[in-house]
Each structure stands twice: as C-alpha cells, then as structure tokens.
>>> print(open('query36.txt').read())   # compact mmCIF, C-alpha atoms
# COMPACT_ATOMS: atom_id res chain seq x y z
CA MET A 1 -2.07 16.44 -17.14
CA ASP A 2 0.37 13.64 -16.28
CA TYR A 3 3.57 13.15 -14.31
CA ASP A 4 5.91 13.03 -17.32
CA THR A 5 4.59 16.30 -18.76
CA LEU A 6 4.94 18.13 -15.47
CA ASP A 7 8.35 16.58 -14.94
CA ARG A 8 9.55 18.19 -18.18
CA LEU A 9 7.98 21.52 -17.26
CA LEU A 10 9.88 21.64 -13.97
CA ARG A 11 13.24 21.09 -15.62
CA PRO A 12 15.68 23.99 -16.18
CA GLY A 13 14.99 25.81 -19.42
CA ALA A 14 11.22 25.30 -19.39
CA PRO A 15 9.02 28.44 -19.47
CA ARG A 16 8.63 29.80 -15.95
CA GLU A 17 4.82 30.04 -16.15
CA ALA A 18 4.26 26.65 -17.82
CA PRO A 19 3.74 24.54 -14.64
CA ARG A 20 1.19 27.02 -13.28
CA ALA A 21 -0.73 27.07 -16.55
CA SER A 22 -0.62 23.27 -16.80
CA VAL A 23 -2.22 22.64 -13.41
CA THR A 24 -4.94 25.29 -13.69
CA GLY A 25 -7.27 23.12 -15.76
CA ALA A 26 -7.18 20.28 -13.23
CA LEU A 27 -7.97 22.69 -10.40
CA GLU A 28 -10.86 24.24 -12.33
CA ASP A 29 -12.40 20.77 -12.79
CA ILE A 30 -12.26 20.27 -9.01
CA ALA A 31 -13.59 23.75 -8.24
CA CYS A 32 -16.73 23.26 -10.35
CA GLY A 33 -17.37 19.69 -9.22
CA LYS A 34 -16.52 18.12 -12.58
CA ARG A 35 -13.82 16.04 -10.90
CA GLU A 36 -14.80 14.50 -7.57
CA LEU A 37 -11.66 14.92 -5.51
CA ARG A 38 -11.53 15.62 -1.78
CA ALA A 39 -8.73 17.60 -0.19
CA VAL A 40 -6.77 15.82 2.52
CA CYS A 41 -6.13 17.59 5.83
CA HIS A 42 -2.46 16.81 6.35
CA PRO A 43 -1.18 16.48 9.95
CA LEU A 44 1.48 19.11 9.14
CA GLY A 45 -1.20 21.77 8.77
CA PHE A 46 -1.78 22.10 5.02
CA LEU A 47 -4.35 20.76 2.57
CA CYS A 48 -3.22 18.24 -0.02
CA LEU A 49 -4.89 17.74 -3.40
CA PRO A 50 -3.67 14.36 -4.75
CA LEU A 51 -3.98 14.92 -8.50
CA VAL A 52 -2.00 12.02 -9.98
CA ARG A 53 -0.90 8.63 -8.68
CA ASP A 54 1.24 6.61 -11.09
CA GLY A 55 2.89 3.72 -9.26
CA ALA A 56 5.82 5.13 -7.30
CA ARG A 57 5.20 8.59 -8.73
CA GLY A 58 2.65 11.19 -7.76
CA VAL A 59 1.55 14.80 -8.25
CA CYS A 60 -0.09 16.89 -5.54
CA VAL A 61 -0.96 20.51 -4.87
CA HIS A 62 -0.29 21.67 -1.32
CA LEU A 63 -2.30 24.61 -0.01
CA PHE A 64 -0.79 26.41 2.98
CA GLY A 65 -2.53 28.95 5.18
CA THR A 66 -5.70 26.88 5.56
CA GLY A 67 -4.89 25.45 8.99
CA SER A 68 -2.54 25.68 11.94
CA PRO A 69 0.93 25.20 10.44
CA THR A 70 3.47 22.99 12.13
CA ASP A 71 6.97 22.31 10.96
CA PRO A 72 8.32 19.11 12.54
CA MET A 73 11.61 18.04 11.04
CA HIS A 74 11.19 14.98 8.84
CA ALA A 75 12.66 13.02 5.93
CA HIS A 76 10.70 11.62 3.00
CA SER A 77 11.07 8.19 1.44
CA TRP A 78 10.61 9.94 -1.89
CA GLU A 79 12.45 12.62 -3.82
CA LEU A 80 10.50 15.74 -4.66
CA ARG A 81 10.47 18.83 -6.80
CA SER A 82 8.20 21.64 -5.71
CA TYR A 83 7.02 24.59 -7.81
CA VAL A 84 5.58 27.58 -5.95
CA LEU A 85 2.20 28.51 -7.47
CA TYR A 86 1.80 31.60 -5.29
CA GLY A 87 3.13 32.98 -2.03
CA ARG A 88 6.48 32.09 -0.51
CA VAL A 89 7.65 28.77 0.96
CA GLY A 90 10.78 28.20 3.00
CA ASN A 91 12.76 24.98 3.23
CA LEU A 92 14.88 24.49 6.34
CA PRO A 93 17.54 21.79 5.87
CA VAL A 94 18.49 19.85 8.99
CA THR A 95 21.82 18.09 9.52
CA VAL A 96 21.35 14.94 11.59
CA THR A 97 24.21 13.00 13.21
CA ASP A 98 24.02 9.93 15.42
CA GLU A 99 24.75 10.89 19.03
CA ALA A 100 24.16 8.51 21.92
CA ARG A 101 25.75 10.58 24.71
CA THR A 102 24.13 14.01 24.30
CA PRO A 103 21.31 13.58 21.78
CA THR A 104 18.64 16.18 21.06
CA HIS A 105 16.07 13.97 19.31
CA ARG A 106 14.94 10.42 18.69
CA ILE A 107 14.22 9.12 15.19
CA PHE A 108 10.63 8.01 14.61
CA GLU A 109 9.57 5.81 11.71
CA VAL A 110 6.37 6.91 9.98
CA VAL A 111 4.22 4.07 8.64
CA SER A 112 1.27 5.21 6.53
CA ALA A 113 -1.82 3.10 5.92
CA PRO A 114 -4.21 3.44 2.96
CA SER A 115 -6.92 4.41 5.46
CA GLY A 116 -5.12 7.71 6.12
CA VAL A 117 -3.66 6.75 9.49
CA ASP A 118 0.03 7.53 10.05
CA GLU A 119 1.68 5.54 12.84
CA LEU A 120 4.81 7.13 14.33
CA ARG A 121 7.00 4.46 15.88
CA PRO A 122 9.99 5.42 18.08
CA THR A 123 13.26 3.75 17.07
CA SER A 124 16.41 3.16 19.10
CA ARG A 125 18.30 5.74 17.06
CA LEU A 126 19.29 8.87 19.01
CA VAL A 127 20.63 11.88 17.12
CA ARG A 128 21.73 15.47 17.37
CA CYS A 129 20.33 17.88 14.81
CA ARG A 130 21.55 21.22 13.50
CA PRO A 131 18.99 23.21 11.45
CA GLY A 132 19.62 25.82 8.80
CA PRO A 133 20.08 28.05 7.10
CA ALA A 134 16.64 28.23 5.48
CA ALA A 135 16.15 28.85 1.76
CA SER A 136 13.01 30.63 0.59
CA SER A 137 11.32 30.17 -2.78
CA GLY A 138 8.77 32.59 -4.24
CA SER A 139 6.08 32.37 -6.87
CA GLY A 140 7.29 30.71 -10.09
CA GLU A 141 10.40 29.21 -8.49
CA THR A 142 11.22 25.51 -8.11
CA TYR A 143 13.21 23.69 -5.45
CA SER A 144 14.23 20.06 -5.11
CA LEU A 145 14.79 17.75 -2.16
CA PRO A 146 16.39 14.28 -2.29
CA ALA A 147 14.88 11.31 -0.50
CA GLY A 148 16.16 10.80 3.04
CA GLU A 149 17.17 14.42 3.71
CA PHE A 150 15.77 15.89 6.92
CA HIS A 151 14.09 19.26 6.58
CA ALA A 152 11.16 21.38 7.72
CA THR A 153 8.78 23.42 5.59
CA VAL A 154 8.40 26.99 6.80
CA VAL A 155 5.43 29.16 5.82
CA THR A 156 4.62 32.47 7.52
CA ARG A 157 1.38 32.25 9.48
CA GLY A 158 -1.41 34.13 7.75
CA GLN A 159 0.45 34.28 4.42
CA PRO A 160 -1.25 31.90 1.93
CA ALA A 161 0.99 29.85 -0.34
CA ALA A 162 0.60 26.88 -2.65
CA THR A 163 3.00 24.45 -4.27
CA LEU A 164 2.81 21.94 -7.10
CA VAL A 165 4.70 18.87 -5.86
CA LEU A 166 6.11 16.00 -7.89
CA GLY A 167 7.24 13.01 -5.82
CA ARG A 168 8.92 9.73 -6.72
CA SER A 169 9.32 7.00 -4.10
CA LEU A 170 12.71 5.31 -3.98
CA PRO A 171 13.43 1.78 -2.72
CA GLY A 172 15.41 1.51 0.49
CA HIS A 173 14.00 4.69 2.05
CA THR A 174 11.54 5.10 4.91
CA ASP A 175 9.54 8.13 6.02
CA LEU A 176 11.15 9.45 9.20
CA SER A 177 10.48 12.20 11.73
CA LEU A 178 12.47 13.76 14.57
CA GLY A 179 10.71 13.51 17.91
CA PRO A 180 11.38 13.95 21.62
CA LEU A 181 13.94 11.71 23.27
CA HIS A 182 11.38 10.01 25.49
CA GLY A 183 8.42 10.33 23.14
CA ARG A 184 6.02 7.44 22.73
CA GLY A 185 4.54 6.02 19.59
CA HIS A 186 1.34 7.67 18.42
CA ARG A 187 -0.96 8.04 15.45
CA THR A 188 -2.14 10.92 13.33
CA VAL A 189 -5.03 10.87 10.86
CA ARG A 190 -5.24 12.41 7.40
CA ARG A 191 -8.90 13.41 7.24
CA LEU A 192 -10.82 14.09 4.04
CA CYS A 193 -12.51 17.45 3.62
CA GLY A 194 -16.08 17.62 2.40
CA ALA A 195 -16.81 18.26 -1.26
CA GLU A 196 -18.15 21.78 -0.65
CA HIS A 197 -15.17 22.78 1.48
CA THR A 198 -12.75 21.35 -1.10
CA GLU A 199 -14.39 23.20 -3.99
CA ARG A 200 -14.53 26.48 -2.08
CA THR A 201 -10.88 26.22 -1.07
CA VAL A 202 -9.77 25.39 -4.62
CA ARG A 203 -11.74 28.36 -6.01
CA THR A 204 -9.86 30.62 -3.59
CA ALA A 205 -6.55 29.11 -4.70
CA LEU A 206 -7.48 29.63 -8.36
CA ARG A 207 -8.17 33.32 -7.78
CA ARG A 208 -4.66 33.68 -6.34
CA ILE A 209 -3.14 31.71 -9.22
CA HIS A 210 -4.94 33.89 -11.80
CA ALA A 211 -3.70 36.99 -9.96
CA GLU A 212 -0.13 35.71 -10.31
CA GLN A 213 -0.65 35.08 -14.02
CA ARG A 214 -1.83 38.65 -14.56
CA GLU A 215 1.24 40.16 -12.90
>>> encode(input="query36.txt", output="structure tokens")
Amino acid sequence: MDYDTLDRLLRPGAPREAPRASVTGALEDIACGKRELRAVCHPLGFLCLPLVRDGARGVCVHLFGTGSPTDPMHAHSWELRSYVLYGRVGNLPVTVTDEARTPTHRIFEVVSAPSGVDELRPTSRLVRCRPGPAASSGSGETYSLPAGEFHATVVTRGQPAATLVLGRSLPGHTDLSLGPLHGRGHRTVRRLCGAEHTERTVRTALRRIHAEQRE
C-alpha cells in the first residue's frame, strides 16, 4: 500500500469498495502484531493510525468513537481527501472573516513537534466566524478539503466511524485553530497507545469493515 495507489483509488471513477479493500491488509498486519504500529490519541478525540509517511504526503486511518469527541474549528496546512470506511462523518465548513470591532474568536497558530506536543500560540488576528451548513458522508463516500479552509469534524457520540485520510502538505500554509478571544497559549499532547490496546482497537475496526464489505 502506498500513497500513489490510494490516491488513484480515491479519484472519481474508481470502484467504490477499492479503498476499503486496499487498506484492510495493512490493518490486519497491525491487528496481529506483524507490523509494530501504535495508535496516536489525538487531542480532538479520535485515534490516528499513521500508515504511510512520504515526505509532504501521508496516509492515516482515523478511528472515531474511541474517546471523548471534540470539534474545535481549525484549518490544516495540508489538503486532504477522506474516504469513510464505516459509519458516518460530518464536515462543518466555517466562514472566517477578519473583524476587529466585534470579533467572536482569536486565531491560534498550531506548532507541532516530533515529540507529539502541539503548541497553540495566540495571534493578534481577531475574526468573526459563521459555521455551516454541515455535509455528511457515509460509508464508501469520499470528501475533500483544501488546505487553509476552516472546518470542524462532526461525529455523533456513541456512533463509531472510521476514515481513510490522504494528506499533502502545501508550502505557505500553517495549522490554525479558532480559540477564545482572551485565550492563552497552551499545549496538548498526542499520546501513544500501548501495543495491546492498539491491536484490540484495530481488530474491532476490522470487524466493522468486514461487515460493510458483506453488505
């Protein structure tokens, strides 16, 4: 499995089930311990399985429903395409305009370190945001998001979902988040799960993926 292959499979005209079938083998290797990969507990409340890292490009599987979901509005420094492996995932676009007189939020810059620490630094930029409407994607569907576009991911609490995510970092973009007007800088940590927890969680995800393939 590599980025270029998955990139082709997520293009219009490709078989709908092809991305799901392509990623299953990689997940099975993790589930049985053949591939030593630890899930990352993302600050936004999901588990991330970083499958491929190829320079500015990467492939991950995001598992929702494993933690306490949060949906802060943010913008990536990378463009993404996301294929829903199972469940339903909503994407809430957010229009952001600079507004110094009656702002609703302050822009925070997110600086990520290789150690897994994300530092959120308040900037001087004050904005007003207008969310919506949300678009929902179900199993077997793909949605795209350009770099720099503010949004929030919406997943119903207690409803498991998983996505296959292809990302490509673009020069000139920075990871950003919307925070409180008088919020201070702070840090969040992306913690690694243990091997046993990772394997158990991936086995559960595989059962749901196989159930989708049988339908």
>>> closest_residue(input="query36.txt", among="A:Glu36, A:Asp2, A:Glu17, A:Glu119", to="Gln213 of chain A", atoms="all atoms listed in the file")
A:Glu17
>>> closest_residue(input="query36.txt", among="A:Ser139, A:Gly87, A:Glu199, A:Leu178", to="Gly158 of chain A", atoms="all atoms listed in the file")
A:Gly87
>>> atom_distance(input="query36.txt", atom1="atom CA of Thr104 of chain A", atom2="atom CA of Pro180 of chain A")
7.6 Å
>>> closest_residue(input="query36.txt", among="A:Arg168, A:His151, A:Arg184, A:His42", to="Phe108 of chain A", atoms="only C-alpha atoms")
A:Arg184
>>> closest_residue(input="query36.txt", among="A:Arg128, A:His74, A:Arg200, A:Arg53", to="Ala100 of chain A", atoms="all atoms listed in the file")
A:Arg128
>>> residues_around(input="query36.txt", residues="Glu79 of chain A", least_positions_apart="2", cutoff="9 Å", atoms="all atoms listed in the file", output="list of chain:residue names")
A:His76, A:Ser77, A:Arg81, A:Ser144, A:Leu145, A:Pro146, A:Ala147, A:Gly148, A:Leu166, A:Gly167, A:Arg168, A:Ser169, A:Leu170
>>> atom_distance(input="query36.txt", atom1="atom CA of Ala113 of chain A", atom2="atom CA of Val96 of chain A")
26.6 Å
>>> closest_residue(input="query36.txt", among="A:Val111, A:Leu10, A:Val52, A:Val94", to="Thr188 of chain A", atoms="all atoms listed in the file")
A:Val111
>>> residues_around(input="query36.txt", residues="Arg101 of chain A", least_positions_apart="4", cutoff="12 Å", atoms="all atoms listed in the file", output="list in words")
Thr97, His105, Arg125, Leu126, Val127, Arg128 and Leu181 of chain A
>>> write_last_selection(input="query36.txt", atoms="C-alpha atoms", output="CSV table (one decimal), keeping the file's coordinate frame")
chain,number,residue,atom,x,y,z
A,97,THR,CA,24.2,13.0,13.2
A,105,HIS,CA,16.1,14.0,19.3
A,125,ARG,CA,18.3,5.7,17.1
A,126,LEU,CA,19.3,8.9,19.0
A,127,VAL,CA,20.6,11.9,17.1
A,128,ARG,CA,21.7,15.5,17.4
A,181,LEU,CA,13.9,11.7,23.3
>>> closest_residue(input="query36.txt", among="A:Ala134, A:Pro103, A:Ser82, A:Arg187", to="Arg121 of chain A", atoms="all atoms listed in the file")
A:Arg187
>>> closest_atom_pairs(input="query36.txt", of="segment 49-156 of chain A", to="segment 20-23 of chain A", cutoff="10 Å", atoms="all atoms listed in the file", output="tab-separated table")
residue	atom	partner	partner_atom	distance
A:Leu51	CA	A:Val23	CA	9.3
A:Cys60	CA	A:Val23	CA	10.0
A:Val61	CA	A:Val23	CA	8.9
A:Tyr83	CA	A:Arg20	CA	8.4
A:Val84	CA	A:Arg20	CA	8.6
A:Leu85	CA	A:Arg20	CA	6.1
A:Tyr86	CA	A:Arg20	CA	9.2
A:Ser139	CA	A:Arg20	CA	9.7
A:Gly140	CA	A:Arg20	CA	7.8
>>> atom_distance(input="query36.txt", atom1="atom CA of Val155 of chain A", atom2="atom CA of Asp98 of chain A")
28.4 Å
>>> axis_aligned_box(input="query36.txt", around="segment 46-52 of chain A", padding_each_side="8 Å", output="lines of an AutoDock Vina configuration file")
center_x = -3.3
center_y = 17.1
center_z = -2.5
size_x = 19.1
size_y = 26.1
size_z = 31.0
>>> residues_around(input="query36.txt", residues="Thr198 of chain A", least_positions_apart="2", cutoff="12 Å", atoms="all atoms listed in the file", output="PyMOL selection string")
chain A and resi 27-33+35-41+47-49+63+66+192-196+200-205
>>> residues_around(input="query36.txt", residues="Arg8 of chain A", least_positions_apart="4", cutoff="12 Å", atoms="all atoms listed in the file", output="MDAnalysis selection string")
chainID A and resid 1:4 12:16 18:19 22 81 166
>>> residues_around(input="query36.txt", residues="Ser137 of chain A", least_positions_apart="4", cutoff="6 Å", atoms="only C-alpha atoms", output="ChimeraX atom specification")
/A:88-89,141
>>> build_atoms(input="query36.txt", residues="segment 47-58 of chain A", atoms="all heavy atoms", output="PDB file, in the frame of the given file")
ATOM      1  N   LEU A  47      -3.438  21.608   3.316  1.00  0.00           N
ATOM      2  CA  LEU A  47      -4.350  20.760   2.570  1.00  0.00           C
ATOM      3  C   LEU A  47      -3.623  20.196   1.358  1.00  0.00           C
ATOM      4  O   LEU A  47      -2.887  20.907   0.675  1.00  0.00           O
ATOM      5  CB  LEU A  47      -5.574  21.555   2.086  1.00  0.00           C
ATOM      6  CG  LEU A  47      -6.575  22.012   3.146  1.00  0.00           C
ATOM      7  CD1 LEU A  47      -7.777  22.653   2.462  1.00  0.00           C
ATOM      8  CD2 LEU A  47      -7.013  20.862   4.027  1.00  0.00           C
ATOM      9  N   CYS A  48      -3.854  18.918   1.112  1.00  0.00           N
ATOM     10  CA  CYS A  48      -3.220  18.240  -0.020  1.00  0.00           C
ATOM     11  C   CYS A  48      -4.278  17.828  -1.022  1.00  0.00           C
ATOM     12  O   CYS A  48      -5.302  17.222  -0.671  1.00  0.00           O
ATOM     13  CB  CYS A  48      -2.455  17.004   0.473  1.00  0.00           C
ATOM     14  SG  CYS A  48      -1.763  15.986  -0.853  1.00  0.00           S
ATOM     15  N   LEU A  49      -4.037  18.166  -2.297  1.00  0.00           N
ATOM     16  CA  LEU A  49      -4.890  17.740  -3.400  1.00  0.00           C
ATOM     17  C   LEU A  49      -4.119  16.693  -4.207  1.00  0.00           C
ATOM     18  O   LEU A  49      -3.230  17.040  -4.987  1.00  0.00           O
ATOM     19  CB  LEU A  49      -5.261  18.914  -4.296  1.00  0.00           C
ATOM     20  CG  LEU A  49      -6.023  20.056  -3.629  1.00  0.00           C
ATOM     21  CD1 LEU A  49      -6.090  21.254  -4.566  1.00  0.00           C
ATOM     22  CD2 LEU A  49      -7.422  19.612  -3.228  1.00  0.00           C
ATOM     23  N   PRO A  50      -4.409  15.406  -4.017  1.00  0.00           N
ATOM     24  CA  PRO A  50      -3.670  14.360  -4.750  1.00  0.00           C
ATOM     25  C   PRO A  50      -4.186  14.226  -6.181  1.00  0.00           C
ATOM     26  O   PRO A  50      -5.196  13.580  -6.437  1.00  0.00           O
ATOM     27  CB  PRO A  50      -3.961  13.099  -3.923  1.00  0.00           C
ATOM     28  CG  PRO A  50      -5.286  13.363  -3.273  1.00  0.00           C
ATOM     29  CD  PRO A  50      -5.390  14.850  -3.068  1.00  0.00           C
ATOM     30  N   LEU A  51      -3.491  14.833  -7.127  1.00  0.00           N
ATOM     31  CA  LEU A  51      -3.980  14.920  -8.500  1.00  0.00           C
ATOM     32  C   LEU A  51      -3.647  13.697  -9.339  1.00  0.00           C
ATOM     33  O   LEU A  51      -4.448  13.260 -10.165  1.00  0.00           O
ATOM     34  CB  LEU A  51      -3.392  16.170  -9.176  1.00  0.00           C
ATOM     35  CG  LEU A  51      -3.727  17.524  -8.542  1.00  0.00           C
ATOM     36  CD1 LEU A  51      -3.074  18.647  -9.339  1.00  0.00           C
ATOM     37  CD2 LEU A  51      -5.220  17.725  -8.438  1.00  0.00           C
ATOM     38  N   VAL A  52      -2.446  13.146  -9.152  1.00  0.00           N
ATOM     39  CA  VAL A  52      -2.000  12.020  -9.980  1.00  0.00           C
ATOM     40  C   VAL A  52      -1.308  10.993  -9.094  1.00  0.00           C
ATOM     41  O   VAL A  52      -0.500  11.350  -8.231  1.00  0.00           O
ATOM     42  CB  VAL A  52      -1.004  12.493 -11.071  1.00  0.00           C
ATOM     43  CG1 VAL A  52      -0.445  11.296 -11.848  1.00  0.00           C
ATOM     44  CG2 VAL A  52      -1.664  13.485 -12.016  1.00  0.00           C
ATOM     45  N   ARG A  53      -1.628   9.711  -9.322  1.00  0.00           N
ATOM     46  CA  ARG A  53      -0.900   8.630  -8.680  1.00  0.00           C
ATOM     47  C   ARG A  53      -0.544   7.626  -9.761  1.00  0.00           C
ATOM     48  O   ARG A  53      -1.414   7.044 -10.410  1.00  0.00           O
ATOM     49  CB  ARG A  53      -1.761   7.963  -7.602  1.00  0.00           C
ATOM     50  CG  ARG A  53      -0.994   6.941  -6.786  1.00  0.00           C
ATOM     51  CD  ARG A  53       0.123   7.597  -5.989  1.00  0.00           C
ATOM     52  NE  ARG A  53       0.873   6.630  -5.196  1.00  0.00           N
ATOM     53  CZ  ARG A  53       1.909   6.929  -4.423  1.00  0.00           C
ATOM     54  NH1 ARG A  53       2.300   8.189  -4.350  1.00  0.00           N
ATOM     55  NH2 ARG A  53       2.544   6.027  -3.741  1.00  0.00           N
ATOM     56  N   ASP A  54       0.753   7.453 -10.008  1.00  0.00           N
ATOM     57  CA  ASP A  54       1.240   6.610 -11.090  1.00  0.00           C
ATOM     58  C   ASP A  54       2.325   5.703 -10.536  1.00  0.00           C
ATOM     59  O   ASP A  54       3.513   5.969 -10.685  1.00  0.00           O
ATOM     60  CB  ASP A  54       1.769   7.490 -12.227  1.00  0.00           C
ATOM     61  CG  ASP A  54       2.312   6.684 -13.392  1.00  0.00           C
ATOM     62  OD1 ASP A  54       2.042   5.465 -13.455  1.00  0.00           O
ATOM     63  OD2 ASP A  54       3.022   7.266 -14.239  1.00  0.00           O
ATOM     64  N   GLY A  55       1.917   4.619  -9.873  1.00  0.00           N
ATOM     65  CA  GLY A  55       2.890   3.720  -9.260  1.00  0.00           C
ATOM     66  C   GLY A  55       3.652   4.424  -8.154  1.00  0.00           C
ATOM     67  O   GLY A  55       3.074   4.912  -7.182  1.00  0.00           O
ATOM     68  N   ALA A  56       4.974   4.481  -8.305  1.00  0.00           N
ATOM     69  CA  ALA A  56       5.820   5.130  -7.300  1.00  0.00           C
ATOM     70  C   ALA A  56       5.855   6.640  -7.452  1.00  0.00           C
ATOM     71  O   ALA A  56       6.508   7.325  -6.662  1.00  0.00           O
ATOM     72  CB  ALA A  56       7.243   4.564  -7.388  1.00  0.00           C
ATOM     73  N   ARG A  57       5.158   7.158  -8.451  1.00  0.00           N
ATOM     74  CA  ARG A  57       5.200   8.590  -8.730  1.00  0.00           C
ATOM     75  C   ARG A  57       3.842   9.233  -8.429  1.00  0.00           C
ATOM     76  O   ARG A  57       2.798   8.590  -8.544  1.00  0.00           O
ATOM     77  CB  ARG A  57       5.580   8.834 -10.194  1.00  0.00           C
ATOM     78  CG  ARG A  57       6.841   8.091 -10.615  1.00  0.00           C
ATOM     79  CD  ARG A  57       7.258   8.413 -12.026  1.00  0.00           C
ATOM     80  NE  ARG A  57       6.199   8.166 -13.009  1.00  0.00           N
ATOM     81  CZ  ARG A  57       6.311   8.459 -14.303  1.00  0.00           C
ATOM     82  NH1 ARG A  57       7.420   9.012 -14.757  1.00  0.00           N
ATOM     83  NH2 ARG A  57       5.316   8.204 -15.136  1.00  0.00           N
ATOM     84  N   GLY A  58       3.894  10.500  -8.055  1.00  0.00           N
ATOM     85  CA  GLY A  58       2.650  11.190  -7.760  1.00  0.00           C
ATOM     86  C   GLY A  58       2.779  12.685  -7.942  1.00  0.00           C
ATOM     87  O   GLY A  58       3.876  13.244  -7.935  1.00  0.00           O
TER      88      GLY A  58
END
